[in-house]
Each structure stands twice: as structure tokens, then as C-alpha cells.
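File shown here: upload_12.txt, holding compact mmCIF, C-alpha atoms.
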```txt
# COMPACT_ATOMS: atom_id res chain seq x y z
CA MET A 248 70.01 104.18 91.98
CA LYS A 249 66.51 103.82 93.44
CA ALA A 250 65.40 101.94 90.33
CA TRP A 251 68.32 99.53 90.63
CA GLY A 252 67.56 99.06 94.32
CA LEU A 253 63.91 98.23 93.63
CA LEU A 254 64.94 95.88 90.84
CA LEU A 255 67.36 94.05 93.11
CA ALA A 256 64.78 93.81 95.88
CA PHE A 257 62.25 92.38 93.43
CA ALA A 258 64.75 89.82 92.17
CA LEU A 259 65.66 88.89 95.75
CA ASN A 260 62.05 88.21 96.69
CA ALA A 261 61.33 86.36 93.47
CA PHE A 262 64.35 84.12 93.76
CA ALA A 263 64.24 83.49 97.48
CA SER A 264 60.58 82.50 97.43
CA GLY A 265 61.54 79.21 95.79
CA GLY A 266 63.19 78.07 99.01
CA GLU A 267 66.33 77.03 97.13
CA ASN A 268 68.78 78.99 99.25
CA LEU A 269 69.34 80.63 102.61
CA THR A 270 69.00 84.28 101.60
CA THR A 271 65.83 84.79 103.68
CA SER A 272 66.96 82.75 106.70
CA TRP A 273 68.41 84.42 109.80
CA VAL A 274 71.91 83.34 108.84
CA GLY A 275 71.48 84.80 105.36
CA ILE A 276 70.16 88.14 106.58
CA LEU A 277 72.74 88.37 109.40
CA SER A 278 75.59 87.47 107.04
CA LEU A 279 74.50 90.13 104.56
CA ILE A 280 74.37 92.74 107.35
CA ILE A 281 77.84 91.69 108.55
CA PHE A 282 79.19 91.98 105.00
CA VAL A 283 77.68 95.44 104.47
CA VAL A 284 78.98 96.75 107.82
CA GLY A 285 82.40 95.21 107.21
CA TYR A 286 82.48 96.66 103.71
CA TYR A 287 81.69 100.10 105.10
CA ILE A 288 84.56 99.85 107.61
CA ILE A 289 86.90 98.77 104.80
CA ALA A 290 85.78 101.71 102.67
CA ALA A 291 86.17 104.11 105.63
CA GLU A 292 89.71 102.92 106.41
CA GLU A 293 90.95 106.52 106.63
CA LYS A 294 88.19 107.51 109.06
CA TYR A 295 88.61 104.64 111.53
CA HIS A 296 92.37 104.15 111.01
CA ILE A 297 91.99 100.37 110.77
CA ASN A 298 93.84 98.32 108.21
CA LYS A 299 91.43 96.92 105.60
CA ALA A 300 92.73 93.36 106.14
CA LYS A 301 91.37 93.25 109.71
CA PRO A 302 87.64 93.73 108.96
CA ALA A 303 87.96 91.66 105.76
CA LEU A 304 89.39 88.65 107.61
CA PHE A 305 86.84 89.06 110.40
CA ILE A 306 83.74 89.10 108.20
CA GLY A 307 85.11 86.40 105.87
CA THR A 308 85.69 83.89 108.65
CA LEU A 309 82.66 84.90 110.75
CA ILE A 310 80.16 84.35 107.93
CA PHE A 311 81.22 80.74 107.50
CA MET A 312 81.25 80.20 111.27
CA LEU A 313 77.63 81.38 111.35
CA ILE A 314 76.71 79.12 108.44
CA GLY A 315 78.29 76.19 110.29
CA LEU A 316 76.27 77.09 113.39
CA TYR A 317 73.07 77.25 111.33
CA PHE A 318 73.71 73.82 109.83
CA SER A 319 74.47 72.36 113.26
CA LEU A 320 71.37 73.83 114.94
CA HIS A 321 69.09 72.56 112.19
CA GLY A 322 70.69 69.11 111.94
CA MET A 323 71.51 69.63 108.28
CA ASP A 324 74.00 67.61 106.26
CA GLU A 325 77.28 69.51 106.57
CA ALA A 326 78.93 67.77 103.62
CA PRO A 327 77.91 70.49 101.10
CA LEU A 328 79.31 73.18 103.41
CA ALA A 329 82.59 71.30 103.85
CA HIS A 330 82.81 70.79 100.09
CA GLU A 331 82.21 74.51 99.46
CA VAL A 332 84.89 75.50 101.97
CA ASP A 333 87.36 73.05 100.40
CA LYS A 334 86.78 74.62 96.97
CA LEU A 335 87.08 78.10 98.43
CA ILE A 336 90.36 77.28 100.16
CA LEU A 337 91.72 76.04 96.85
CA GLU A 338 90.59 79.20 95.03
CA ILE A 339 92.05 81.46 97.71
CA ALA A 340 95.32 79.52 97.82
CA GLU A 341 95.74 79.85 94.06
CA ILE A 342 95.26 83.61 94.20
CA PHE A 343 97.33 83.99 97.39
CA PHE A 344 100.41 82.21 96.02
CA PHE A 345 100.04 83.84 92.60
CA LEU A 346 100.11 87.29 94.21
CA MET A 347 102.83 86.34 96.66
CA VAL A 348 105.22 85.36 93.87
CA ALA A 349 104.40 88.48 91.82
CA MET A 350 105.05 90.70 94.85
CA THR A 351 108.26 88.83 95.68
CA TYR A 352 109.62 89.51 92.20
CA ILE A 353 108.79 93.19 92.55
CA GLU A 354 110.59 93.42 95.90
CA THR A 355 113.58 91.61 94.40
CA LEU A 356 113.64 94.08 91.50
CA ILE A 357 113.60 96.90 94.04
CA ASN A 358 116.52 95.22 95.80
CA ARG A 359 118.44 95.14 92.52
CA ASN A 360 117.77 98.89 92.02
CA VAL A 361 115.79 98.32 88.82
CA PHE A 362 113.11 100.88 89.60
CA ASN A 363 115.56 103.55 90.73
CA ALA A 364 117.44 103.06 87.47
CA LEU A 365 114.18 103.35 85.52
CA LYS A 366 113.25 106.46 87.49
CA TYR A 367 116.63 108.03 86.70
CA SER A 368 116.19 107.18 83.02
CA LEU A 369 112.75 108.84 82.89
CA VAL A 370 113.44 111.89 85.05
CA SER A 371 116.86 112.63 83.57
CA LYS A 372 115.23 112.97 80.15
CA GLY A 373 113.30 115.95 81.49
CA TYR A 374 109.84 114.44 81.16
CA SER A 375 107.10 116.48 82.80
CA TYR A 376 104.57 115.01 85.24
CA LYS A 377 102.02 114.93 82.41
CA LYS A 378 104.35 112.97 80.12
CA LEU A 379 105.14 110.55 82.93
CA PHE A 380 101.40 110.21 83.58
CA TRP A 381 100.73 109.26 79.96
CA LEU A 382 103.78 107.01 79.70
CA THR A 383 102.87 104.88 82.74
CA GLY A 384 99.25 104.66 81.56
CA ILE A 385 100.18 103.52 78.05
CA LEU A 386 102.60 100.96 79.43
CA ALA A 387 99.91 99.64 81.78
CA PHE A 388 97.38 99.26 78.96
CA PHE A 389 99.72 97.34 76.67
CA ILE A 390 101.60 95.26 79.26
CA SER A 391 98.55 93.95 81.14
CA PRO A 392 97.23 91.82 78.23
CA ILE A 393 100.45 89.82 78.49
CA ALA A 394 101.47 90.02 82.14
CA ASP A 395 97.95 90.32 83.75
CA ASN A 396 96.42 93.43 85.25
CA LEU A 397 97.57 92.94 88.84
CA THR A 398 101.25 92.32 88.09
CA THR A 399 101.25 95.26 85.67
CA ALA A 400 99.63 97.59 88.23
CA LEU A 401 102.08 96.55 90.94
CA ILE A 402 105.11 97.15 88.74
CA LEU A 403 104.03 100.54 87.39
CA SER A 404 102.75 101.84 90.74
CA THR A 405 106.21 101.03 92.11
CA VAL A 406 107.69 103.10 89.27
CA LEU A 407 105.23 105.89 90.11
CA ILE A 408 106.13 106.08 93.80
CA THR A 409 109.82 105.86 92.91
CA ILE A 410 109.51 108.92 90.64
CA GLU A 411 107.61 111.01 93.18
CA LYS A 412 106.89 110.27 96.83
CA GLU A 413 104.93 113.31 97.99
CA ARG A 414 102.94 115.23 95.35
CA ARG A 415 99.41 113.79 95.60
CA GLU A 416 98.18 115.85 92.65
CA PHE A 417 100.44 113.64 90.50
CA LEU A 418 100.37 110.38 92.43
CA VAL A 419 96.60 109.99 92.85
CA PRO A 420 95.59 110.62 89.20
CA GLY A 421 98.64 108.59 88.13
CA ALA A 422 97.61 105.65 90.33
CA ILE A 423 94.01 105.74 89.08
CA ASN A 424 95.28 105.93 85.50
CA ILE A 425 97.41 102.82 86.03
CA VAL A 426 94.53 100.87 87.62
CA VAL A 427 92.06 101.81 84.87
CA ALA A 428 94.60 101.16 82.10
CA ALA A 429 95.62 97.79 83.55
CA ASN A 430 92.00 96.65 83.92
CA ALA A 431 91.02 97.95 80.47
CA GLY A 432 94.07 96.38 78.86
CA GLY A 433 93.36 93.08 80.59
CA ALA A 434 89.79 93.02 79.26
CA TRP A 435 90.74 92.33 75.63
CA SER A 436 93.13 89.44 76.22
CA PRO A 437 92.42 86.00 77.75
CA PHE A 438 95.68 86.38 79.69
CA GLY A 439 94.98 89.90 80.94
CA ASP A 440 92.33 89.28 83.59
CA ILE A 441 90.96 86.27 85.42
CA THR A 442 87.41 87.09 84.25
CA THR A 443 88.51 87.07 80.60
CA LEU A 444 90.36 83.82 81.19
CA MET A 445 87.23 82.28 82.75
CA ALA A 446 85.09 83.27 79.77
CA TRP A 447 87.65 81.91 77.31
CA THR A 448 88.12 78.56 79.06
CA ALA A 449 84.31 78.24 79.21
CA GLU A 450 84.38 78.64 75.40
CA LYS A 451 82.06 81.64 75.37
CA ALA A 452 84.31 83.25 72.74
CA GLY A 453 87.38 82.25 70.76
CA PHE A 454 90.87 83.53 71.55
CA VAL A 455 90.93 86.14 68.78
CA ASP A 456 87.31 87.16 69.42
CA PHE A 457 88.38 88.95 72.59
CA PHE A 458 90.47 91.31 70.46
CA TYR A 459 87.19 92.93 69.37
CA LEU A 460 87.16 94.50 72.84
CA PHE A 461 90.38 96.39 72.14
CA VAL A 462 88.61 99.39 70.62
CA PRO A 463 85.99 99.97 73.38
CA ALA A 464 88.51 99.24 76.13
CA PHE A 465 91.15 101.54 74.64
CA PHE A 466 88.92 104.55 73.98
CA GLY A 467 87.15 104.19 77.33
CA TRP A 468 90.52 104.30 79.10
CA LEU A 469 91.77 107.09 76.81
CA LEU A 470 88.88 109.38 77.73
CA THR A 471 89.31 108.68 81.45
CA ALA A 472 93.06 109.29 81.16
CA TRP A 473 92.50 112.59 79.34
CA LEU A 474 90.08 113.79 82.03
CA LEU A 475 92.51 112.75 84.78
CA SER A 476 95.42 114.46 83.00
CA LEU A 477 93.66 117.80 83.47
CA PHE A 478 94.46 117.54 87.19
CA VAL A 479 98.13 116.56 86.74
CA PRO A 480 100.76 119.29 87.30
CA LYS A 481 102.50 120.64 84.21
CA ASP A 482 105.93 121.07 85.81
CA LYS A 483 108.70 118.49 86.04
CA PRO A 484 110.02 116.35 88.92
CA HIS A 485 113.05 117.88 90.59
CA PHE A 486 116.27 116.77 88.94
CA ASP A 487 119.68 118.36 89.42
CA PRO A 488 122.36 116.63 87.31
CA THR A 489 125.07 118.09 89.55
CA THR A 490 123.70 116.40 92.68
CA GLU A 491 121.77 113.39 91.35
CA HIS A 492 124.07 110.41 90.90
CA LYS A 493 123.36 108.07 88.03
CA GLU A 494 121.36 105.03 89.10
CA LEU A 495 122.43 101.69 87.66
CA ILE A 496 120.87 98.24 87.87
CA TYR A 497 122.78 96.13 90.36
CA ASP A 498 124.36 92.80 89.45
CA GLY A 499 121.72 90.18 88.74
CA GLY A 500 118.93 92.70 88.16
CA LYS A 501 118.61 92.07 84.44
CA VAL A 502 118.56 88.31 85.00
CA VAL A 503 115.79 88.74 87.58
CA MET A 504 113.80 90.68 84.96
CA ILE A 505 114.23 87.81 82.49
CA LEU A 506 113.22 85.29 85.16
CA GLY A 507 110.12 87.39 85.84
CA ILE A 508 109.09 87.14 82.18
CA LEU A 509 109.77 83.38 82.25
CA THR A 510 107.64 83.10 85.39
CA ILE A 511 104.67 84.78 83.72
CA THR A 512 105.18 82.58 80.66
CA SER A 513 105.29 79.44 82.79
CA ALA A 514 102.07 80.50 84.54
CA VAL A 515 100.32 80.86 81.19
CA LEU A 516 101.72 77.55 79.91
CA ALA A 517 100.80 75.74 83.11
CA HIS A 518 97.20 76.81 82.84
CA GLN A 519 96.58 76.75 79.10
CA PHE A 520 98.53 73.72 77.95
CA PHE A 521 99.18 71.60 81.04
CA HIS A 522 95.78 72.24 82.70
CA LEU A 523 97.46 73.20 85.96
CA PRO A 524 96.60 76.27 88.07
CA ALA A 525 98.44 79.42 86.95
CA MET A 526 99.79 79.56 90.51
CA TRP A 527 101.80 76.41 89.79
CA GLY A 528 103.75 78.18 87.08
CA MET A 529 104.32 81.14 89.41
CA ILE A 530 105.70 78.88 92.15
CA PHE A 531 107.96 77.28 89.53
CA GLY A 532 109.19 80.78 88.71
CA LEU A 533 109.85 81.41 92.41
CA SER A 534 111.99 78.28 92.50
CA LEU A 535 114.01 79.62 89.56
CA LEU A 536 114.54 82.87 91.44
CA LYS A 537 115.74 81.05 94.55
CA LEU A 538 118.11 78.89 92.52
CA TYR A 539 119.51 81.98 90.84
CA SER A 540 120.05 83.64 94.24
CA TYR A 541 122.08 80.57 95.22
CA LYS A 542 124.19 80.94 92.05
CA LEU A 543 124.82 84.64 92.76
CA LYS A 544 126.01 83.89 96.26
CA LYS A 545 128.12 80.89 95.25
CA ARG A 546 129.85 82.33 92.20
CA ASN A 547 129.61 86.11 92.52
CA HIS A 548 129.51 86.40 96.33
CA ILE A 549 126.37 88.57 96.07
CA GLU A 550 123.74 88.14 98.78
CA LEU A 551 120.22 88.05 97.32
CA ASN A 552 117.98 86.90 100.15
CA ILE A 553 114.63 85.92 98.66
CA PHE A 554 113.11 85.35 102.09
CA GLN A 555 113.95 88.96 102.86
CA SER A 556 112.06 90.00 99.72
CA ILE A 557 109.09 87.88 100.83
CA SER A 558 109.15 89.57 104.23
CA LYS A 559 108.77 92.98 102.58
CA ILE A 560 105.70 92.23 100.47
CA GLU A 561 102.32 93.71 101.37
CA HIS A 562 101.01 90.88 103.54
CA ASP A 563 98.00 92.92 104.60
CA THR A 564 97.02 93.14 100.92
CA LEU A 565 97.24 89.35 100.63
CA LEU A 566 95.22 88.87 103.82
CA PHE A 567 92.64 91.36 102.57
CA PHE A 568 92.13 89.15 99.52
CA VAL A 569 91.80 86.09 101.75
CA GLY A 570 89.13 87.78 103.87
CA ILE A 571 87.13 89.39 101.10
CA LEU A 572 87.14 86.25 98.93
CA ALA A 573 86.00 84.21 101.94
CA ALA A 574 83.19 86.70 102.63
CA VAL A 575 82.08 86.69 98.99
CA GLY A 576 82.29 82.89 98.99
CA GLY A 577 79.99 82.80 102.00
CA LEU A 578 77.44 85.04 100.29
CA HIS A 579 77.68 82.86 97.20
CA PHE A 580 77.02 79.73 99.26
CA LEU A 581 74.00 81.40 100.86
CA GLY A 582 72.60 82.18 97.41
CA PHE A 583 73.05 85.94 97.08
CA LEU A 584 75.37 85.96 94.07
CA ASP A 585 72.94 83.87 92.06
CA LEU A 586 70.48 86.77 92.16
CA ALA A 587 72.35 88.62 89.43
CA ALA A 588 71.98 85.67 87.08
CA LYS A 589 68.22 85.48 87.74
CA LEU A 590 67.85 89.05 86.50
CA TYR A 591 68.63 87.97 82.93
CA GLY A 592 65.13 86.62 82.52
CA ILE A 593 63.60 89.75 84.05
CA VAL A 594 65.27 92.77 82.45
CA GLY A 595 67.31 91.26 79.62
CA PRO A 596 71.05 90.72 79.08
CA ASP A 597 72.00 94.28 78.11
CA ALA A 598 70.94 95.87 81.40
CA VAL A 599 72.21 92.98 83.53
CA ASN A 600 75.61 92.79 81.84
CA ILE A 601 76.08 96.52 82.27
CA GLY A 602 74.98 96.18 85.90
CA VAL A 603 77.54 93.41 86.40
CA GLY A 604 80.22 96.05 85.97
CA PHE A 605 78.84 98.06 88.89
CA LEU A 606 78.39 94.92 90.98
CA SER A 607 81.95 93.78 90.32
CA ALA A 608 83.21 97.12 91.68
CA VAL A 609 81.39 96.51 94.95
CA VAL A 610 81.86 92.76 95.41
CA ASP A 611 84.59 91.32 93.19
CA ASN A 612 84.58 90.51 89.50
CA VAL A 613 85.73 86.89 89.89
CA PRO A 614 82.77 85.47 91.89
CA VAL A 615 80.32 87.65 89.94
CA MET A 616 81.64 86.29 86.64
CA SER A 617 81.62 82.80 88.12
CA ALA A 618 77.94 83.18 89.03
CA VAL A 619 77.10 84.34 85.50
CA LEU A 620 79.00 81.43 83.93
CA LYS A 621 77.40 78.87 86.26
CA SER A 622 73.90 80.14 85.49
CA ASN A 623 74.85 80.01 81.78
CA PRO A 624 72.15 82.34 80.40
CA ASP A 625 71.30 81.94 76.72
CA MET A 626 73.37 84.75 75.19
CA GLY A 627 75.26 85.33 71.98
CA MET A 628 78.98 85.97 71.78
CA ASP A 629 78.34 89.72 71.69
CA GLN A 630 76.74 89.61 75.15
CA TRP A 631 79.45 87.34 76.57
CA LEU A 632 82.07 89.81 75.38
CA LEU A 633 80.06 92.64 76.93
CA VAL A 634 79.88 91.00 80.36
CA THR A 635 83.58 90.12 80.15
CA MET A 636 84.42 93.75 79.45
CA THR A 637 82.10 95.24 82.07
CA ALA A 638 83.20 92.78 84.77
CA GLY A 639 86.84 93.59 84.08
CA ILE A 640 86.61 97.35 83.60
CA GLY A 641 83.82 97.89 86.13
CA GLY A 642 86.14 96.97 88.99
CA SER A 643 87.97 100.26 88.40
CA LEU A 644 84.97 102.27 89.59
CA ILE A 645 85.98 101.69 93.23
CA SER A 646 89.56 101.56 94.49
CA PHE A 647 89.32 98.01 95.85
CA GLY A 648 86.90 96.72 93.22
CA SER A 649 89.73 94.98 91.39
CA ALA A 650 92.93 93.17 92.24
CA ALA A 651 94.88 95.92 90.48
CA GLY A 652 93.27 98.59 92.67
CA VAL A 653 93.93 96.72 95.90
CA GLY A 654 97.55 96.11 94.87
CA VAL A 655 98.13 99.79 94.14
CA MET A 656 96.47 100.79 97.42
CA GLY A 657 99.07 98.65 99.17
CA LYS A 658 101.94 100.21 97.23
CA LEU A 659 100.78 103.81 97.71
CA ARG A 660 99.56 103.42 101.27
CA GLY A 661 98.04 106.59 102.67
CA ILE A 662 98.13 108.28 99.24
CA TYR A 663 95.95 106.20 96.94
CA THR A 664 92.95 105.56 99.19
CA PHE A 665 89.23 104.93 98.81
CA THR A 666 88.45 108.61 99.40
CA ALA A 667 91.15 109.82 97.02
CA HIS A 668 89.89 107.44 94.34
CA MET A 669 86.23 108.40 94.69
CA LYS A 670 87.13 112.06 94.14
CA TYR A 671 87.93 111.15 90.52
CA ALA A 672 85.49 108.23 90.12
CA TRP A 673 83.32 110.29 87.76
CA THR A 674 86.10 110.22 85.15
CA ILE A 675 86.10 106.41 85.28
CA LEU A 676 82.31 106.28 84.99
CA ILE A 677 82.40 108.41 81.84
CA GLY A 678 85.02 106.13 80.30
CA TYR A 679 82.98 103.07 81.31
CA ILE A 680 79.89 104.47 79.56
CA VAL A 681 81.91 105.29 76.43
CA SER A 682 83.26 101.72 76.30
CA ILE A 683 79.70 100.37 76.41
CA VAL A 684 78.53 102.80 73.70
CA ILE A 685 81.41 101.74 71.41
CA TRP A 686 80.62 98.08 72.11
CA TYR A 687 77.00 98.75 71.11
CA ILE A 688 78.05 100.39 67.85
CA GLN A 689 80.46 97.54 67.09
CA PHE A 690 78.19 94.61 67.82
CA GLU A 691 74.61 95.83 67.60
CA VAL A 692 74.91 98.42 64.80
CA LEU A 693 77.87 97.39 62.66
CA LYS A 694 77.55 93.66 63.47
CA GLN A 695 81.33 93.16 63.41
CA PHE A 696 81.29 89.55 64.58
```

Let me see the file written as C-alpha cells.
Amino acid sequence: MKAWGLLLAFALNAFASGGENLTTSWVGILSLIIFVVGYYIIAAEEKYHINKAKPALFIGTLIFMLIGLYFSLHGMDEAPLAHEVDKLILEIAEIFFFLMVAMTYIETLINRNVFNALKYSLVSKGYSYKKLFWLTGILAFFISPIADNLTTALILSTVLITIEKERREFLVPGAINIVVAANAGGAWSPFGDITTLMAWTAEKAGFVDFFYLFVPAFFGWLLTAWLLSLFVPKDKPHFDPTTEHKELIYDGGKVVMILGILTITSAVLAHQFFHLPAMWGMIFGLSLLKLYSYKLKKRNHIELNIFQSISKIEHDTLLFFVGILAAVGGLHFLGFLDLAAKLYGIVGPDAVNIGVGFLSAVVDNVPVMSAVLKSNPDMGMDQWLLVTMTAGIGGSLISFGSAAGVGVMGKLRGIYTFTAHMKYAWTILIGYIVSIVIWYIQFEVLKQF
């Protein structure tokens, strides 16, 4: 850790000395301090009993207010700042509405008793906690390449909390397993994670080339899951067939499931073939859901209030994303995120791309990957696949290092927390290292590509 700290400090001084950014100005230093303090408060949510959205929104908006003040005091042209904020608003809006629709579908599925019916189906079969642990993990790994890691994590964490609401020794390892599996599964498909999608659209690798990452991603997750399973209880969830009534999906539930699949499909089509934001396809899917709710009420006299579903989503999770993305955007504008890209010429792509995984856990994989793509270092496809994998999987190292982790924290509030996650973080680190070793054997030893 000391070596990495010295390396980062060296890169900071080397890059900032060119006078190309504001990292060494008072606004840069103060903004970095504000981010670090705010990040600590977010991480210590249990200690201070403050919702993570509050400090995130505060630091995200304050950093840009300070940048605006700096520009005003120095008589600088504010057009670049305004342009940066406009781009950031667009990026945040796309993510915000994407997540909002995904969460609305989940709440609607809860309303239609889908998850209770799934819980009954699983528990009534007599599956043990360990079997349920493995089942949810496998589903997360293989659904996320199609649905995306966040949506997958939200759905399966809802299943998890529906099965068991109290036993932390099952819920915490199960939640971590879902997050790691969703992020690992999303790493080998252009549709599975935003970082993979960014690398594909930038033509750093072909569509099928990402499938090479299946083996390292799968075995890295598998080892982490096996280590986590050692802490999962061996007994079964309580189920008494004489007292438990059979749970059925309510009217309209199956259609809502089909509409959810169509919504994901429309998001992919909107982005890949129509060159529209994925959010546009999600909003289209929301319109289909609202139209279907009208049909249910008109023809079947069934009330399916979509606005009620929207009111139940985790708004603090959405606002956390707004704040943290704004804060990271501010640091990017000041020049801090470009430091990682400058390291390529100092220590080489292997070390930097592995380090990107750790950085993405602390900051966020999207802006980190964006910084790498914008700097466009001269790397082969093997290195671009490595950084795609590490940026995606590395976010699992910390509970809110990925969208999937933040989403699950919202679903399992007070159970899956930063502290609970860090207790088992060593299992994720081991899996992360194994994924990198397998990548090295594949690409540097066997030369598979």
C-alpha cells in the first residue's frame, strides 16, 4: 500500500507540474479533501447513522460550487465549466432514469407477488441455505450478461430478502455473492456492464472477443463463492407445509415479467442499433408498463398503480448515485482522474490495469474507464480486455464500489453494509487475483487471441 501511495504521489507531482490542470490549486486540494472526508462519512454510515445520499449529494454539489467560485475569482472563461456540467447532467440523467425504471419494475413485480411465489417455490422444495446461496449466485452470473449487473443484483437481492429476513450469516454472504457474481458475469458481455459497453463501442475489442473473459471471470467468482459458502449455515429456512399457504403470482404478474424482458431488449436495441441512450429504451419500457396498468384497470378491474411503485423505490440510492457521480465528475474536471492514465508510461499497462480495479472500487468504474479510454494508451487487445475485466470486477472489493453493490445495499438496508462487506472482502480479493492469473495464462502464456 505504501508503494502504491508513493507511486500515486510521484504521478501526481509529475502530471501537475505541467500546469495543465487544477490539481495543485487551492480549489483542487480543497475539493480532494472534501471528497476524502465525504467518502469516509459514506463508508462510516453505520457509525454516524447518516444516510449515504446526504454526504454524497453535499460533496458532489459543493465541489462544483467551489470550482465556479475559483473561475469567478480568477476571471476565467466559464464556458468549459458550463460545458462540463452540461455533459455531467446528461450522464447522470441517463443513469438516474435507467435505474429508476429498473427499480420500478422490481417494485411492480413485488406488488404482483412474483418474489413471494418464487420464494415459496424454492423453500418448499426443501433447499438448504447453502443450496439457495449457490442458486442465487449462479443465476446472477448468467443473467447479468444479458440483463446488466445492476438489474440482476436488484432482482436477486429481492429474492434473497424474501427468502430470509433476519439471519445475517446467510444474508450477508448471499448478498456479497450476488454482487460479485453480477459484476463478474457482466465483465464478459458488452451488455453486462457499462464499462464493457464503453470498451466495445470504442472498438477496443470485438463483440465475441469479450467472451474470452468468461473463464477468468467465472473461476474468480467461483473461488470467492466457495470461500463465502463456508460461512453459510447448513440448515434450511423454516417451512411448515401445514401453516404456509401456497404463494401464487397475482393477475398480470407474468405479463409484467415479459414487459421487463422487452424493456431490457429495447434498451439494448436503442443503444446498439438506434444510437440512442439505453435510458431511452428503459423509458419506453416504462410507458409499456403504464399502458398495461391502464388495460388491467379497464378490462380486468385490477388496480396496478405504477406511481405507487415509483414511490416505493430506493430514492436515496438514486440520489447517492447523483451525488457521487457529481463528485467524481468534479475531480475529473480538476484533472485528478487523468493521473491514472499518465501512469501507463511510468509503470507499464499490466500494473496500471490491475490498479484500475482497486481504483474503481474506491471511486467508480465508469469515470475511471472513461479516463483510460480518453487517454487512449497504446495497448493491445489483451490489455484492453484486462482493464475491462478489472474495472468491472474490481468494484466488488468495496460494497459501494459498483452499481450492483449500491443497489443491494439499498435493498438489504442495515444488513448488507460497508462494515459487513469488508469482513469478507478478503474472499473477493483472492478471487480477483485468481481472475488476473487466469487472464495472464490465457493471453500472455497461451496467446489465445

Could you give me, as JSON lines, every segment 431-524 of chain A residue with an atom at most 9 Å from segment 598-615 of chain A, plus its closest atom pair and distance in Å to one decimal, counting all atoms listed in the file, rows ordered by chain then number?
```
{"residue": "A:Ile441", "atom": "CA", "partner": "A:Val613", "partner_atom": "CA", "distance": 6.9}
{"residue": "A:Thr442", "atom": "CA", "partner": "A:Val613", "partner_atom": "CA", "distance": 5.9}
{"residue": "A:Met445", "atom": "CA", "partner": "A:Val613", "partner_atom": "CA", "distance": 8.6}
```

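Residue nearest Gly275 of chain A, chosen from A:Leu632, A:Leu620, A:Ile310, A:Val370 and counting only C-alpha atoms: A:Ile310.
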
I'd like the interatomic distance between atom CA of Lys694 of chain A and atom CA of Thr471 of chain A, to a tenth of an Å.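 Separation of atom CA of Lys694 of chain A and atom CA of Thr471 of chain A: 26.2 Å.
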
Using only C-alpha atoms, which of A:Leu509, A:Ala446, A:Ala431, A:Ile410 sits nearest Gly639 of chain A?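 Using only C-alpha atoms, the shortest distance to Gly639 of chain A belongs to A:Ala431.
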
Can you work out the spacing between atom CA of Ile342 of chain A and atom CA of Phe568 of chain A in Å, to one decimal?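 Taking atom CA of Ile342 of chain A and atom CA of Phe568 of chain A, their separation equals 8.3 Å.
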
Closest to Phe345 of chain A among A:Leu469, A:Ile402, A:Leu397, A:Leu572, using all atoms listed in the file? A:Leu397

Can you tell me, as a ChimeraX atom specification, what residues are no more than 10 Å from Leu578 of chain A when counting all atoms listed in the file, ignoring any on the same chain fewer than 2 positions away? /A:269-270,275,278-279,282,307,310-311,572-576,580-585,614

Any idea what the distance is between atom CA of Val684 of chain A and atom CA of Val427 of chain A?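 Value for the atom CA of Val684 of chain A-atom CA of Val427 of chain A distance: 17.6 Å.
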
Residues within 7 Å of Val348 of chain A, only C-alpha atoms, excluding chain neighbours under 6 positions, as a VMD selection string: chain A and resid 529 to 530 533

Starting from the incomplete input, reconstruct all heavy atoms of segment 680-685 of chain A and write that as a PDB file, in the frame of the given file.
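Output saved as out-v2.pdb:
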```pdb
ATOM      1  N   ILE A 680      81.062 104.273  80.429  1.00  0.00           N
ATOM      2  CA  ILE A 680      79.890 104.470  79.560  1.00  0.00           C
ATOM      3  C   ILE A 680      80.315 104.519  78.095  1.00  0.00           C
ATOM      4  O   ILE A 680      79.663 103.914  77.227  1.00  0.00           O
ATOM      5  CB  ILE A 680      79.152 105.770  79.955  1.00  0.00           C
ATOM      6  CG1 ILE A 680      78.536 105.615  81.357  1.00  0.00           C
ATOM      7  CG2 ILE A 680      78.071 106.109  78.939  1.00  0.00           C
ATOM      8  CD1 ILE A 680      77.970 106.893  81.929  1.00  0.00           C
ATOM      9  N   VAL A 681      81.419 105.202  77.807  1.00  0.00           N
ATOM     10  CA  VAL A 681      81.910 105.290  76.430  1.00  0.00           C
ATOM     11  C   VAL A 681      82.283 103.907  75.894  1.00  0.00           C
ATOM     12  O   VAL A 681      81.985 103.574  74.738  1.00  0.00           O
ATOM     13  CB  VAL A 681      83.117 106.249  76.353  1.00  0.00           C
ATOM     14  CG1 VAL A 681      83.845 106.113  75.013  1.00  0.00           C
ATOM     15  CG2 VAL A 681      82.659 107.683  76.558  1.00  0.00           C
ATOM     16  N   SER A 682      82.911 103.084  76.723  1.00  0.00           N
ATOM     17  CA  SER A 682      83.260 101.720  76.300  1.00  0.00           C
ATOM     18  C   SER A 682      82.012 100.938  75.916  1.00  0.00           C
ATOM     19  O   SER A 682      82.004 100.206  74.912  1.00  0.00           O
ATOM     20  CB  SER A 682      83.994 100.993  77.437  1.00  0.00           C
ATOM     21  OG  SER A 682      85.252 101.572  77.698  1.00  0.00           O
ATOM     22  N   ILE A 683      80.951 101.083  76.699  1.00  0.00           N
ATOM     23  CA  ILE A 683      79.700 100.370  76.410  1.00  0.00           C
ATOM     24  C   ILE A 683      79.065 100.894  75.121  1.00  0.00           C
ATOM     25  O   ILE A 683      78.560 100.111  74.296  1.00  0.00           O
ATOM     26  CB  ILE A 683      78.719 100.520  77.593  1.00  0.00           C
ATOM     27  CG1 ILE A 683      79.280  99.799  78.823  1.00  0.00           C
ATOM     28  CG2 ILE A 683      77.340  99.964  77.237  1.00  0.00           C
ATOM     29  CD1 ILE A 683      78.512 100.062  80.094  1.00  0.00           C
ATOM     30  N   VAL A 684      79.092 102.210  74.914  1.00  0.00           N
ATOM     31  CA  VAL A 684      78.530 102.800  73.700  1.00  0.00           C
ATOM     32  C   VAL A 684      79.282 102.292  72.466  1.00  0.00           C
ATOM     33  O   VAL A 684      78.663 101.929  71.448  1.00  0.00           O
ATOM     34  CB  VAL A 684      78.592 104.345  73.763  1.00  0.00           C
ATOM     35  CG1 VAL A 684      78.238 104.955  72.409  1.00  0.00           C
ATOM     36  CG2 VAL A 684      77.644 104.867  74.832  1.00  0.00           C
ATOM     37  N   ILE A 685      80.611 102.241  72.547  1.00  0.00           N
ATOM     38  CA  ILE A 685      81.410 101.740  71.410  1.00  0.00           C
ATOM     39  C   ILE A 685      81.124 100.269  71.173  1.00  0.00           C
ATOM     40  O   ILE A 685      81.012  99.824  70.022  1.00  0.00           O
ATOM     41  CB  ILE A 685      82.906 101.989  71.660  1.00  0.00           C
ATOM     42  CG1 ILE A 685      83.202 103.486  71.686  1.00  0.00           C
ATOM     43  CG2 ILE A 685      83.750 101.307  70.578  1.00  0.00           C
ATOM     44  CD1 ILE A 685      84.633 103.830  72.038  1.00  0.00           C
TER      45      ILE A 685
END
```
